[in-house]
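Structure file model.cif (mmCIF, C-alpha atoms and all ligand atoms) follows.
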```cif
data_final
#
loop_
_atom_site.label_atom_id
_atom_site.label_comp_id
_atom_site.auth_asym_id
_atom_site.auth_seq_id
_atom_site.Cartn_x
_atom_site.Cartn_y
_atom_site.Cartn_z
CA MET B 1426 55.17 20.51 135.80
CA ASN B 1427 51.77 21.98 136.45
CA ARG B 1428 49.81 24.03 133.97
CA ILE B 1429 50.56 27.33 135.59
CA LYS B 1430 54.29 26.68 135.45
CA ARG B 1431 54.06 25.57 131.80
CA GLY B 1432 52.05 28.72 131.10
CA TRP B 1433 54.74 30.88 132.62
CA ILE B 1434 57.48 29.14 130.67
CA PHE B 1435 55.50 29.58 127.46
CA LEU B 1436 54.84 33.22 128.23
CA SER B 1437 58.52 33.81 129.03
CA PHE B 1438 59.46 32.13 125.76
CA VAL B 1439 57.07 34.38 123.83
CA VAL B 1440 58.37 37.48 125.57
CA ILE B 1441 62.01 36.53 124.99
CA SER B 1442 61.27 35.70 121.36
CA LEU B 1443 59.50 39.00 120.88
CA ILE B 1444 62.42 40.88 122.40
CA THR B 1445 64.81 38.99 120.16
CA ILE B 1446 62.73 39.59 117.05
CA TYR B 1447 62.28 43.21 117.96
CA HIS B 1448 66.00 43.62 118.36
CA LEU B 1449 66.98 41.55 115.37
CA PRO B 1450 67.38 44.41 112.85
CA PHE B 1451 69.26 46.41 115.46
CA SER B 1452 71.62 43.48 116.20
CA SER B 1453 72.10 42.65 112.55
CA SER B 1454 72.71 46.29 111.85
CA HIS B 1455 75.51 46.13 114.32
CA SER B 1456 76.97 42.94 112.90
CA ALA B 1457 76.52 44.31 109.36
CA TYR B 1458 78.20 47.45 110.51
CA ALA B 1459 80.94 45.40 112.13
CA GLN B 1460 81.60 43.73 108.80
CA THR B 1461 81.62 46.92 106.79
CA ALA B 1462 82.76 49.42 109.40
CA PRO B 1463 84.23 52.23 107.40
CA ASN B 1464 87.69 53.20 108.38
CA ILE B 1465 87.87 56.98 108.68
CA ILE B 1466 91.07 58.36 107.23
CA ARG B 1467 90.20 62.03 107.61
CA ASN B 1468 87.37 63.90 109.34
CA GLU B 1469 88.05 67.58 109.60
CA ALA B 1470 86.69 71.10 109.29
CA THR B 1471 89.00 73.76 107.87
CA PRO B 1472 88.02 77.40 108.41
CA ILE B 1473 89.00 80.27 106.18
CA PHE B 1474 88.16 83.20 108.42
CA PRO B 1475 85.70 84.86 108.01
CA GLU B 1476 84.43 83.48 104.69
CA LYS B 1477 83.90 79.75 104.93
CA ILE B 1478 84.38 76.41 106.63
CA THR B 1479 85.15 73.28 104.60
CA PHE B 1480 84.01 69.97 106.09
CA GLU B 1481 85.78 66.91 104.74
CA LEU B 1482 85.48 63.22 105.34
CA GLU B 1483 87.68 60.57 103.73
CA LEU B 1484 87.05 56.85 104.14
CA ASP B 1485 89.26 53.87 103.56
CA PRO B 1486 88.29 52.31 100.15
CA SER B 1487 87.10 49.06 101.77
CA HIS B 1488 83.64 50.25 102.72
CA SER B 1489 80.11 49.88 101.50
CA ILE B 1490 78.93 53.44 102.20
CA GLU B 1491 76.59 54.84 99.60
CA THR B 1492 75.33 58.12 100.97
CA VAL B 1493 76.80 60.70 103.29
CA GLU B 1494 75.08 63.46 105.21
CA LEU B 1495 76.68 66.23 107.22
CA THR B 1496 74.98 67.64 110.32
CA PHE B 1497 76.34 70.77 111.90
CA THR B 1498 75.29 73.27 114.49
CA VAL B 1499 76.71 76.36 116.13
CA ASN B 1500 76.74 77.01 119.87
CA LYS B 1501 74.43 79.99 120.17
CA PHE B 1502 71.10 80.96 121.60
CA SER B 1503 68.26 79.86 119.37
CA CYS B 1504 64.53 79.55 119.83
CA ILE B 1505 64.36 76.74 117.33
CA ASP B 1506 66.38 73.62 116.67
CA ALA B 1507 69.27 75.07 114.72
CA ASP B 1508 70.86 71.83 113.48
CA VAL B 1509 71.54 71.90 109.78
CA ARG B 1510 71.59 68.59 107.91
CA VAL B 1511 72.88 68.51 104.37
CA PRO B 1512 73.39 65.64 101.90
CA VAL B 1513 76.96 65.64 100.61
CA GLU B 1514 78.26 64.13 97.42
CA PHE B 1515 80.45 61.11 98.12
CA GLU B 1516 82.98 60.38 95.41
CA ASP B 1517 86.32 58.57 95.43
CA ASN B 1518 85.83 57.87 99.13
CA VAL B 1519 85.71 61.58 99.91
CA ALA B 1520 82.84 63.82 101.01
CA SER B 1521 83.49 67.55 101.05
CA TRP B 1522 81.14 70.47 101.72
CA ASP B 1523 81.73 74.19 102.01
CA TRP B 1524 79.73 76.29 104.41
CA ILE B 1525 79.85 79.62 102.61
CA LEU B 1526 79.43 82.28 105.28
CA THR B 1527 79.35 85.05 102.71
CA ARG B 1528 75.96 83.55 101.79
CA SER B 1529 74.59 82.43 105.12
CA GLY B 1530 75.89 85.28 107.28
CA ASN B 1531 78.53 86.14 109.80
CA LEU B 1532 79.96 83.78 112.32
CA PRO B 1533 81.81 85.80 114.96
CA PRO B 1534 85.29 84.83 116.09
CA GLY B 1535 85.17 82.37 118.96
CA ALA B 1536 81.99 80.70 117.66
CA VAL B 1537 82.03 76.95 118.26
CA VAL B 1538 80.84 74.73 115.40
CA ASN B 1539 79.94 71.07 116.03
CA TRP B 1540 79.53 68.49 113.30
CA PHE B 1541 79.09 64.80 112.62
CA TRP B 1542 78.50 62.66 109.54
CA THR B 1543 75.76 60.12 108.91
CA LEU B 1544 77.02 57.27 106.73
CA THR B 1545 74.51 54.94 105.12
CA ASP B 1546 75.54 51.69 103.45
CA GLN B 1547 73.93 49.78 100.58
CA ASN B 1548 71.60 47.98 103.03
CA GLY B 1549 70.27 51.29 104.29
CA ILE B 1550 72.04 50.89 107.60
CA ALA B 1551 73.19 54.21 108.95
CA ILE B 1552 75.85 55.06 111.47
CA GLU B 1553 76.93 58.39 112.85
CA THR B 1554 80.48 59.52 113.43
CA GLN B 1555 81.43 61.09 116.73
CA THR B 1556 80.60 64.78 117.09
CA GLN B 1557 83.61 67.01 116.64
CA SER B 1558 84.07 70.70 117.40
CA LEU B 1559 85.90 73.60 115.88
CA THR B 1560 86.41 77.10 117.25
CA PHE B 1561 86.13 79.69 114.51
CA ASP B 1562 89.13 81.88 115.33
CA ASP B 1563 90.37 85.04 113.68
CA PRO B 1564 93.91 83.85 112.89
CA ARG B 1565 95.22 87.22 111.66
CA TYR B 1566 96.37 88.36 115.08
CA ASN B 1567 98.30 87.05 117.98
CA TRP B 1568 95.47 87.18 120.51
CA GLN B 1569 96.08 87.52 124.21
CA GLU B 1570 93.38 86.39 126.56
CA ILE B 1571 92.27 87.55 129.97
CA GLU B 1572 89.25 86.25 131.86
CA ALA B 1573 87.21 87.22 134.89
CA GLU B 1574 83.67 86.60 136.12
CA GLY B 1575 82.36 85.12 132.90
CA ILE B 1576 83.99 87.65 130.58
CA ASN B 1577 86.60 86.30 128.18
CA LEU B 1578 88.40 89.28 126.73
CA TYR B 1579 90.77 88.93 123.78
CA TRP B 1580 93.08 91.62 122.43
CA TYR B 1581 96.36 91.86 120.57
CA GLU B 1582 97.58 95.46 120.70
CA GLY B 1583 98.77 97.43 123.72
CA ALA B 1584 99.92 95.62 126.84
CA ASN B 1585 97.41 97.29 129.18
CA VAL B 1586 94.41 97.28 126.89
CA GLY B 1587 93.11 93.87 128.00
CA PRO B 1588 93.39 94.41 131.75
CA THR B 1589 92.02 97.98 131.52
CA LEU B 1590 88.95 96.98 129.54
CA LEU B 1591 88.37 93.84 131.58
CA ASN B 1592 88.40 95.84 134.81
CA ALA B 1593 85.88 98.28 133.36
CA SER B 1594 83.73 95.40 132.17
CA VAL B 1595 83.78 93.63 135.53
CA ALA B 1596 82.84 96.91 137.25
CA SER B 1597 79.93 97.24 134.85
CA LEU B 1598 78.78 93.67 135.56
CA ARG B 1599 78.86 94.39 139.29
CA ARG B 1600 76.77 97.53 138.81
CA LEU B 1601 74.24 95.59 136.77
CA GLU B 1602 74.11 92.99 139.52
CA SER B 1603 74.05 95.21 142.58
CA GLU B 1604 71.92 98.05 141.24
CA MET B 1605 69.62 96.24 138.86
CA GLY B 1606 69.84 92.65 140.10
CA ILE B 1607 70.62 91.51 136.57
CA GLU B 1608 73.34 88.89 136.33
CA LEU B 1609 75.35 87.61 133.45
CA GLN B 1610 73.75 84.30 132.53
CA GLU B 1611 76.19 82.97 129.96
CA ASP B 1612 79.86 83.69 129.40
CA VAL B 1613 80.63 86.54 127.05
CA ASN B 1614 83.45 86.82 124.52
CA VAL B 1615 84.81 90.32 123.93
CA PHE B 1616 87.25 90.76 121.04
CA ILE B 1617 89.15 94.05 121.09
CA TYR B 1618 90.69 94.88 117.74
CA GLY B 1619 93.47 97.46 117.55
CA ASN B 1620 91.35 99.72 115.34
CA SER B 1621 87.96 99.67 113.73
CA GLU B 1622 89.25 98.68 110.31
CA ASP B 1623 90.77 95.45 111.65
CA MET B 1624 87.44 94.80 113.35
CA ARG B 1625 85.42 95.44 110.20
CA GLU B 1626 87.56 92.96 108.27
CA ALA B 1627 86.44 90.26 110.67
CA VAL B 1628 82.81 90.88 109.79
CA LEU B 1629 81.11 90.35 106.46
CA TYR B 1630 78.84 93.13 105.23
CA ILE B 1631 79.33 95.79 107.84
CA GLN B 1632 78.98 99.53 107.35
CA GLY B 1633 82.23 101.32 106.60
CA TRP B 1634 81.89 103.52 109.66
CA ALA B 1635 81.16 100.80 112.24
CA GLY B 1636 83.49 100.68 115.22
CA GLY B 1637 81.87 97.81 117.06
CA VAL B 1638 79.35 95.08 116.61
CA ALA B 1639 77.45 92.83 119.01
CA PHE B 1640 76.41 89.28 118.15
CA THR B 1641 73.86 88.87 120.89
CA GLU B 1642 72.93 85.27 120.05
CA TYR B 1643 76.58 84.32 120.36
CA ASN B 1644 77.21 86.47 123.47
CA THR B 1645 80.03 88.06 121.55
CA ILE B 1646 81.14 91.68 121.14
CA LEU B 1647 83.72 92.93 118.63
CA MET B 1648 85.12 96.41 119.16
CA GLY B 1649 87.85 98.44 117.52
CA VAL B 1650 89.64 100.23 120.36
CA PRO B 1651 92.97 101.94 119.58
CA PRO B 1652 95.29 101.45 122.59
CA ARG B 1653 95.55 105.22 123.16
CA LEU B 1654 91.74 105.39 123.64
CA ALA B 1655 91.47 102.29 125.80
CA ASP B 1656 91.30 104.03 129.17
CA THR B 1657 88.95 106.79 128.02
CA TRP B 1658 86.51 105.89 125.24
CA GLY B 1659 87.16 102.18 125.66
CA THR B 1660 86.22 102.06 129.33
CA GLU B 1661 82.82 103.58 128.48
CA VAL B 1662 81.93 101.80 125.29
CA VAL B 1663 82.95 98.26 126.24
CA PRO B 1664 80.89 98.22 129.49
CA HIS B 1665 78.03 99.87 127.62
CA GLU B 1666 77.97 97.14 124.97
CA LEU B 1667 78.45 94.45 127.59
CA ALA B 1668 75.41 95.82 129.44
CA HIS B 1669 73.37 95.47 126.25
CA LEU B 1670 74.38 91.79 126.05
CA VAL B 1671 73.60 91.09 129.69
CA VAL B 1672 70.19 92.78 129.48
CA ALA B 1673 69.52 90.94 126.20
CA GLN B 1674 70.34 87.62 127.91
CA PHE B 1675 68.03 88.44 130.81
CA GLY B 1676 65.19 89.60 128.58
CA ARG B 1677 65.43 87.03 125.81
CA SER B 1678 62.19 86.35 124.05
CA CYS B 1679 61.05 83.61 121.75
CA VAL B 1680 57.64 85.22 121.30
CA GLY B 1681 58.71 88.45 119.63
CA GLY B 1682 58.96 90.53 122.81
CA SER B 1683 61.12 93.64 122.59
CA ARG B 1684 62.26 96.55 124.71
CA PRO B 1685 61.86 100.26 124.02
CA THR B 1686 65.10 101.97 123.02
CA TRP B 1687 64.99 104.40 125.96
CA LEU B 1688 64.97 101.44 128.36
CA ASP B 1689 67.79 99.53 126.65
CA GLU B 1690 69.99 102.60 126.27
CA GLY B 1691 69.13 103.96 129.69
CA LEU B 1692 70.17 100.69 131.33
CA ALA B 1693 73.40 100.56 129.27
CA VAL B 1694 74.37 104.15 130.13
CA TYR B 1695 73.48 103.44 133.78
CA ALA B 1696 75.81 100.42 133.72
CA GLU B 1697 78.71 102.60 132.55
CA GLY B 1698 78.90 104.06 136.05
CA PRO B 1699 78.18 107.46 137.56
CA PRO B 1700 76.99 109.83 134.81
CA ASN B 1701 79.84 111.58 133.00
CA ALA B 1702 80.08 115.34 132.50
CA GLU B 1703 78.35 115.16 129.11
CA THR B 1704 75.35 113.29 130.48
CA LEU B 1705 75.01 115.72 133.38
CA SER B 1706 75.24 118.79 131.13
CA ASP B 1707 72.70 117.26 128.71
CA ILE B 1708 70.24 116.81 131.57
CA ARG B 1709 70.89 120.35 132.83
CA GLU B 1710 70.34 121.80 129.37
CA GLY B 1711 67.29 119.62 128.80
CA LEU B 1712 65.78 121.12 131.94
CA GLU B 1713 66.78 124.72 131.18
CA ASP B 1714 65.53 124.59 127.59
CA ASN B 1715 62.60 122.26 128.31
CA ALA B 1716 64.10 120.20 125.48
CA PHE B 1717 63.31 116.66 126.56
CA ASP B 1718 61.43 114.52 124.08
CA PRO B 1719 58.25 112.69 125.00
CA ILE B 1720 59.52 109.36 126.35
CA ARG B 1721 57.08 107.67 123.99
CA SER B 1722 58.98 109.11 121.04
CA LEU B 1723 62.12 107.36 122.32
CA ASN B 1724 60.52 103.92 122.07
CA GLY B 1725 62.06 103.55 118.64
CA SER B 1726 65.26 104.82 117.09
CA PHE B 1727 66.85 108.02 118.36
CA ALA B 1728 67.33 111.08 116.17
CA ALA B 1729 70.03 110.94 113.49
CA ASP B 1730 71.21 114.37 114.63
CA HIS B 1731 74.13 113.88 116.96
CA SER B 1732 73.37 116.41 119.68
CA GLN B 1733 69.69 115.44 119.77
CA ALA B 1734 70.67 111.77 120.01
CA GLY B 1735 73.12 112.62 122.80
CA LEU B 1736 70.26 114.23 124.72
CA SER B 1737 68.13 111.11 124.10
CA TYR B 1738 70.81 108.88 125.69
CA SER B 1739 71.10 111.22 128.67
CA GLN B 1740 67.31 111.49 129.04
CA SER B 1741 67.02 107.69 128.85
CA PHE B 1742 69.63 107.40 131.58
CA SER B 1743 67.72 109.88 133.74
CA VAL B 1744 64.40 108.02 133.28
CA VAL B 1745 65.96 104.64 134.09
CA GLU B 1746 67.77 106.10 137.09
CA TYR B 1747 64.43 107.49 138.32
CA MET B 1748 62.73 104.11 137.88
CA LEU B 1749 65.49 102.26 139.71
CA THR B 1750 65.88 104.67 142.61
CA THR B 1751 62.14 105.16 143.10
CA TYR B 1752 60.76 101.68 142.47
CA GLY B 1753 63.77 99.40 142.94
CA GLN B 1754 65.43 96.66 141.00
CA GLU B 1755 62.79 93.96 141.38
CA LYS B 1756 60.23 95.95 139.43
CA MET B 1757 62.82 96.62 136.73
CA GLN B 1758 63.54 92.90 136.43
CA THR B 1759 59.83 92.13 136.28
CA LEU B 1760 59.38 94.77 133.57
CA LEU B 1761 62.12 93.15 131.45
CA LEU B 1762 60.49 89.74 131.86
CA VAL B 1763 56.99 91.02 131.08
CA LEU B 1764 58.36 92.67 127.94
CA ALA B 1765 60.10 89.41 127.01
CA ASP B 1766 56.70 87.72 127.29
CA GLY B 1767 55.57 89.91 124.43
CA ALA B 1768 53.58 92.61 126.25
CA ASP B 1769 53.50 95.99 124.53
CA TYR B 1770 55.35 98.82 126.23
CA ASP B 1771 52.34 100.57 127.76
CA GLU B 1772 50.79 97.31 128.94
CA ALA B 1773 54.03 96.15 130.51
CA LEU B 1774 54.55 99.40 132.43
CA GLN B 1775 50.92 99.42 133.51
CA GLU B 1776 51.15 95.84 134.77
CA VAL B 1777 54.38 96.35 136.71
CA TYR B 1778 54.29 100.00 137.81
CA GLY B 1779 50.64 100.91 137.51
CA PHE B 1780 51.20 103.65 134.90
CA ASN B 1781 51.79 103.71 131.16
CA ILE B 1782 54.58 105.57 129.35
CA ASP B 1783 52.78 108.91 129.71
CA GLY B 1784 52.28 108.30 133.41
CA LEU B 1785 55.97 107.46 133.76
CA GLU B 1786 56.84 110.67 131.98
CA ALA B 1787 54.63 112.78 134.23
CA GLU B 1788 56.23 111.31 137.38
CA TRP B 1789 59.77 111.56 136.05
CA ARG B 1790 59.31 115.18 134.95
CA GLU B 1791 57.99 116.13 138.34
CA ALA B 1792 60.86 114.34 140.08
CA ILE B 1793 63.58 116.13 138.13
CA GLY B 1794 61.80 119.50 138.26
CA ALA B 1795 60.77 119.72 134.61
CA PRO B 1796 57.43 121.34 133.77
CA PRO B 1797 54.63 118.93 132.97
CA ARG B 1798 54.10 118.17 129.31
CA GLU B 1799 50.68 118.36 127.70
CA ILE B 1800 49.84 114.74 127.18
CA PRO B 1801 47.01 113.91 124.79
CA PRO B 1802 44.18 111.90 126.38
CA THR B 1803 44.88 108.94 124.13
CA PRO B 1804 48.38 107.61 123.57
CA THR B 1805 50.20 109.37 120.76
CA PRO B 1806 50.27 107.12 117.74
CA LEU B 1807 53.75 106.03 116.74
CA SER B 1808 55.16 107.96 113.84
CA ILE B 1809 57.03 106.02 111.17
CA SER B 1810 60.36 107.18 112.58
CA ALA B 1811 59.39 106.03 116.04
CA ILE B 1812 58.66 102.44 115.18
CA PRO B 1813 61.15 100.27 117.05
CA THR B 1814 64.06 99.22 114.93
CA TYR B 1815 64.81 96.26 117.12
CA GLU B 1816 64.41 92.79 115.84
CA PRO B 1817 62.64 90.62 118.39
CA SER B 1818 65.41 89.72 120.74
CA GLY B 1819 65.06 86.02 119.99
CA LEU B 1820 66.40 86.50 116.51
CA PRO B 1821 70.06 86.41 115.63
CA GLU B 1822 71.21 89.95 115.26
CA SER B 1823 74.24 92.04 115.05
CA VAL B 1824 74.31 95.66 116.04
CA PRO B 1825 76.93 98.01 114.76
CA THR B 1826 78.45 100.71 116.90
CA PRO B 1827 79.98 103.81 115.36
CA GLU B 1828 83.69 104.20 115.87
CA THR B 1829 84.94 107.21 117.77
CA ALA B 1830 85.58 110.47 115.99
CA VAL B 1831 89.18 110.21 117.11
CA SER B 1832 89.73 106.70 115.88
CA SER B 1833 87.94 107.41 112.64
CA GLN B 1834 90.22 110.34 111.95
CA GLN B 1835 93.12 108.02 112.44
CA ASP B 1836 91.50 105.47 110.17
CA ASN B 1837 90.65 108.13 107.63
CA THR B 1838 87.01 107.13 107.55
CA PRO B 1839 83.94 109.34 108.00
CA SER B 1840 83.55 110.65 111.49
CA GLN B 1841 80.78 109.34 113.70
CA ALA B 1842 81.29 111.37 116.80
CA ASN B 1843 79.00 109.37 119.01
CA PRO B 1844 81.18 108.14 121.86
CA ILE B 1845 78.82 105.36 122.82
CA CYS B 1846 76.85 102.78 121.02
CA GLY B 1847 74.67 103.79 118.14
CA LEU B 1848 71.83 101.41 118.80
CA GLY B 1849 69.40 104.24 119.07
CA PHE B 1850 70.11 106.19 115.99
CA LEU B 1851 71.15 103.56 113.56
CA PRO B 1852 68.73 101.22 111.94
CA LEU B 1853 69.46 97.84 113.34
CA ILE B 1854 70.81 95.52 110.76
CA ALA B 1855 70.63 91.80 111.05
CA LEU B 1856 73.87 91.14 109.28
CA GLY B 1857 72.61 88.18 107.36
CA LEU B 1858 72.71 86.23 110.57
CA VAL B 1859 69.32 84.72 110.06
CA PHE B 1860 70.28 81.23 109.06
CA ARG B 1861 68.19 80.48 106.07
CA LYS B 1862 68.40 76.83 105.39
CA ASN B 1863 68.27 77.36 101.64
CA ASP B 1864 71.40 79.41 101.87
CA LEU B 1865 73.08 76.90 104.08
CA PHE B 1866 72.21 74.12 101.74
CA ALA B 1867 73.60 75.95 98.76
CA LYS B 1868 76.33 73.73 97.48
CA THR B 1869 79.47 74.92 95.91
CA LYS B 1870 81.57 73.14 93.42
ZN ZN G 1901 73.74 101.44 123.48
#
```
As structure tokens - that is how I would like this structure written.
Ligand SMILES: [Zn+2]
Amino acid sequence: MNRIKRGWIFLSFVVISLITIYHLPFSSSHSAYAQTAPNIIRNEATPIFPEKITFELELDPSHSIETVELTFTVNKFSCIDADVRVPVEFEDNVASWDWILTRSGNLPPGAVVNWFWTLTDQNGIAIETQTQSLTFDDPRYNWQEIEAEGINLYWYEGANVGPTLLNASVASLRRLESEMGIELQEDVNVFIYGNSEDMREAVLYIQGWAGGVAFTEYNTILMGVPPRLADTWGTEVVPHELAHLVVAQFGRSCVGGSRPTWLDEGLAVYAEGPPNAETLSDIREGLEDNAFDPIRSLNGSFAADHSQAGLSYSQSFSVVEYMLTTYGQEKMQTLLLVLADGADYDEALQEVYGFNIDGLEAEWREAIGAPPREIPPTPTPLSISAIPTYEPSGLPESVPTPETAVSSQQDNTPSQANPICGLGFLPLIALGLVFRKNDLFAKTK
């Protein structure tokens, strides 16, 4: 054997030895694990809707496990790694931990929770159990399900309610796609409760008047729609809320970008279909009385006064319709993306359309035949009431919608006669959906 060959053999020996040494702890961990492999008797998550989920793990007594950790996550949009890892007390071969949703915030029906356990033995060797999943269902009703084009619609009252609202929702998706070029990016769950009270009971901490709520991070909408209102109010409000979700998916931002209210509401009303009689008469009256607000003042929340807010929705629709018919859908898509990148409203309009909000207003007024408005040379500063109420769209949020006047009379709750969503004139509440780890880690005994 010559020197070169001997050299190669030596080198191979070193390399093989190194590989073996490097892998030794790994191999021994496996053989150690093989000797002490814990036998899992029970590994389950038990939900009590909507308050909590109990995770439990029970091992056969013949194990050497010393510490147990639970890792869980929820399928939802998140800008950050949303895994939650929590040490769990392990006594009498059982580990049990309650996720108290009344502390951490709502989980909508249909949310999928995934979990696994990390088991560490006395030698510090850790193994992970297989990931399991649970769907957090509202078990109080006998849900029926109907599905089309990425919309999963669930309902339990009134035979025609599901198909009627699904058809309206699909039509709204098609309008969003054909007229704005905005497509649904992730499947949406729509839960139709038989009335707003049933809906409110599915949600922790919701205003007593709310008739609907959107969990945008979960792509989930909950609405209370009495069967007798399904083909009137329901066919407007469900597509409207769906449009909000689709636009929110398209314009998601992890850098704090947001959209002005007039744009969000204008797109949602546009998605409902051809303007209804109320919208048309609002626009007519707005013209006759020269009653339109400066568009800039509609950047934030709409007026609390019902008729003024109604005019704001109709004006928003008219502005968005003007933008779409004059400048086309591509510019609208670009605007949503530029806003998602964190540009302010004037900057975004300037970049995409070449005018700011005042310039947009001047063009729109001229197009619909309204007299020009005196616009100050510098942009009007935002008043307190005009500061956007939106959370950055990357954050978990939940937006309540007032119930109908009709359904609220039936439910004997205060009337909120706004037939569509109340995004504009209600302060947006993040229903405790911001997952604070401290809250999640709070242990219960
Ligand atoms: Zn709305």
* To do: Go through B:Glu1755, B:Asp1689, B:Asp1766, B:Glu1799 one by one, measure the shortest atom-to-atom distance of each to ligand ZN 1901 (chain G) using all atoms listed in the file, and give the residue with the smallest value.
  => B:Asp1689
* Grab the CA of Arg1528 in chain B to CA of Leu1629 in chain B distance for me, in Å with one decimal place. => 9.7 Å
* Asked: Quick one: of B:Asn1592, B:Thr1686, B:Gln1740, B:Thr1543, who's nearest to ligand ZN 1901 (chain G), counting all atoms listed in the file?
  ->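 The answer is B:Thr1686, which sits nearest to ligand ZN 1901 (chain G).
The shortest atom-to-atom distance to Asn1539 in chain B, with all atoms listed in the file taken into account, belongs to B:Asp1508 out of B:Asp1508, B:Asp1523, B:Glu1553, B:Asp1517.
Candidate residues B:Thr1645, B:Ile1552, B:Ile1617, B:Gly1637 were compared for distance to Gly1575 in chain B, and the nearest is B:Thr1645, using only C-alpha atoms.
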Your completed range 1674-1679 of chain B with all heavy atoms, as a compact mmCIF listing (two decimals), keeping the file's coordinate frame:
```txt
# COMPACT_ATOMS: atom_id res chain seq x y z
N GLN B 1674 70.42 88.99 127.37
CA GLN B 1674 70.34 87.62 127.91
C GLN B 1674 69.18 87.50 128.89
O GLN B 1674 68.40 86.55 128.84
CB GLN B 1674 71.63 87.26 128.67
CG GLN B 1674 72.83 86.94 127.81
CD GLN B 1674 74.04 86.54 128.68
OE1 GLN B 1674 74.00 86.60 129.91
NE2 GLN B 1674 75.11 86.15 128.02
N PHE B 1675 69.07 88.48 129.77
CA PHE B 1675 68.03 88.44 130.81
C PHE B 1675 66.64 88.52 130.18
O PHE B 1675 65.71 87.86 130.63
CB PHE B 1675 68.24 89.60 131.79
CG PHE B 1675 67.30 89.57 132.97
CD1 PHE B 1675 67.60 88.81 134.07
CD2 PHE B 1675 66.13 90.31 132.96
CE1 PHE B 1675 66.74 88.77 135.16
CE2 PHE B 1675 65.26 90.28 134.04
CZ PHE B 1675 65.57 89.50 135.14
N GLY B 1676 66.52 89.35 129.15
CA GLY B 1676 65.19 89.60 128.58
C GLY B 1676 64.93 88.89 127.27
O GLY B 1676 64.14 89.35 126.46
N ARG B 1677 65.61 87.75 127.07
CA ARG B 1677 65.43 87.03 125.81
C ARG B 1677 63.99 86.59 125.60
O ARG B 1677 63.32 86.17 126.53
CB ARG B 1677 66.33 85.79 125.78
CG ARG B 1677 67.60 86.07 125.04
CD ARG B 1677 68.51 84.89 125.10
NE ARG B 1677 69.78 85.26 124.52
CZ ARG B 1677 70.92 84.67 124.81
NH1 ARG B 1677 70.93 83.69 125.68
NH2 ARG B 1677 72.03 85.04 124.22
N SER B 1678 63.57 86.68 124.36
CA SER B 1678 62.19 86.35 124.05
C SER B 1678 62.11 85.48 122.82
O SER B 1678 62.77 85.74 121.82
CB SER B 1678 61.41 87.65 123.80
OG SER B 1678 60.09 87.35 123.40
N CYS B 1679 61.31 84.44 122.92
CA CYS B 1679 61.05 83.61 121.75
C CYS B 1679 59.64 83.88 121.21
O CYS B 1679 59.13 83.15 120.37
CB CYS B 1679 61.22 82.13 122.08
SG CYS B 1679 62.96 81.65 122.18
```
